[in-house]
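Please read the structure below before turning to the comments.
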Amino acid sequence: MKATAIANANIALVKYWGKRNEKLILPHNSSISVTLDGLKTTTTVEFSKNFHKDEFKLNGEKKSGEEAKKVSGHLALIRKMFRKKEFCRVESQNNFPSSTGLASSSSAFAALTLASVSALGFNPKPKELSIIARQGSGSASRSIFGGFVEWKKGFQAGGSDSYASELYPKEHWPDFRILACIVSEKEKKVKSRAGMKQTVETSPFYRAWLSAVEEDLRKTRKAIKEKNLELLGKTAELNCLKMHATMITTTPSIVYWQDGTLKAMAAVWQMRESGAKAFFTMDAGPQVKIICLEKDTQKIKQRMSEEGFEKIIESKPGEGAVLSNKHLF
Ligand code: 2P0
């Protein structure tokens, strides 16, 4: 009753922001992401009658508190779905710094879902895995798949039609790149889950966000299909700014940006003015992720390092969640 899975983190090009059902993690809007090669979580899960509670280790360290609670909450859901009773031991390893705001919950819950379900002896279709992963963390529904992925918000109250699927595999656009410029490694004050709840409840701009998102989804699907970086980048950049506008206008305000965030945004705009194809997106944190093509990465990295960004993580489109026979314990 042991299995290991590897899943990559993803970055949204059209963001998921706000839930219509908190418990089932059903979003108000659909989202589109790219799964990133090399930003991975490896998770080994073992269920046994001999265990008396769930145990969770991350990067070799035993976890308690909020993180452990989210993990055992997800395991409880999986046990219920598959009518199992055994407790389990979970060990996860991230190959990227967990505190850098690089969407670690997307890879974490995708890997945990695949490893747990496999350890229990089941082999559901990716769609079903995506529905289960979604209930651990919304963005994890997308990390089940590789390449370019869309998570449809769905309409059913129970969430049976709210799952992700692949739009195009990673091979569709191999020279697509994301350069994550790390602005700060401090843990953020407001987690995404709390931030999006507060936004839905209090931002007067939330309606405007929802009314604009379908157009962004349409443009983004077209841009990916045609490998049109300009259309993709401009749409993703504005979509992220619209999301941040809803955050800033909640009560109390949530501002994830820091000085370095604005500096990176300005640098991207200046590079664009001088003809470079560079666009940014940001999530619920200060890091700035530059969307570009492989041929331009060197000069963009050079410019960002001159601006004082020491840590820049480069990723290309990566694969979806897979099983591995290299167990962590
Ligand atoms: C996204 N984010 O689409 C958006 C953009 C952050 C900003 O998905 O509550 O950790 O576990 O479903 O998935 C981060 O939110 O939130 C996120 P829960 P999650 O990538």
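Just remember, in the structure tokens the first chain shown is A, the second B, etc., residues are 1-based per chain, and ligands are 1-based in the order shown.
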Env. residues ligand 1 / 6 Å / only C-alpha atoms and all ligand atoms / as a ChimeraX atom specification: /A:11-12,15-17,25,105,137-139,192-193,283-284
Residue list (alpha helix (DSSP H), DSSP) for region 225-317 of chain A, as an NGL selection string: :A and (225-226 or 229-248 or 259-273 or 297-306)
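Closest approach to Lys23 (chain A) from the set A:Ala208, A:Leu238, A:Leu77, A:Ala5 is made by A:Leu77, with distances taken over only C-alpha atoms.
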Interatomic distance, CA of Ser324 (chain A) to CA of Ile6 (chain A) (Å, one decimal): 6.9 Å
Wanna dump the region 119-217 of chain A-region 302-316 of chain A contacts at 6 Å for me, each residue with its shortest atom pair and the distance in Å to one decimal, counting only C-alpha atoms, ordered by chain and number, as a Markdown table?
```
| residue | atom | partner | partner_atom | distance |
| --- | --- | --- | --- | --- |
| A:Phe176 | CA | A:Lys316 | CA | 5.9 |
| A:Arg177 | CA | A:Lys316 | CA | 4.7 |
| A:Ile178 | CA | A:Ser315 | CA | 5.3 |
| A:Leu179 | CA | A:Glu314 | CA | 4.5 |
| A:Ala180 | CA | A:Ile313 | CA | 5.0 |
| A:Cys181 | CA | A:Ile312 | CA | 4.6 |
| A:Ile182 | CA | A:Lys311 | CA | 5.6 |
```
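Across the model, the gap from CA of Lys326 (chain A) to CA of Asn59 (chain A) is 15.6 Å.
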Excluding region 149-157 of chain A and residues on its chain fewer than 5 positions from it, collect all residues at most 7 Å away from it, counting only C-alpha atoms, and give them as a PyMOL selection string. chain A and resi 26-34+142+162-167
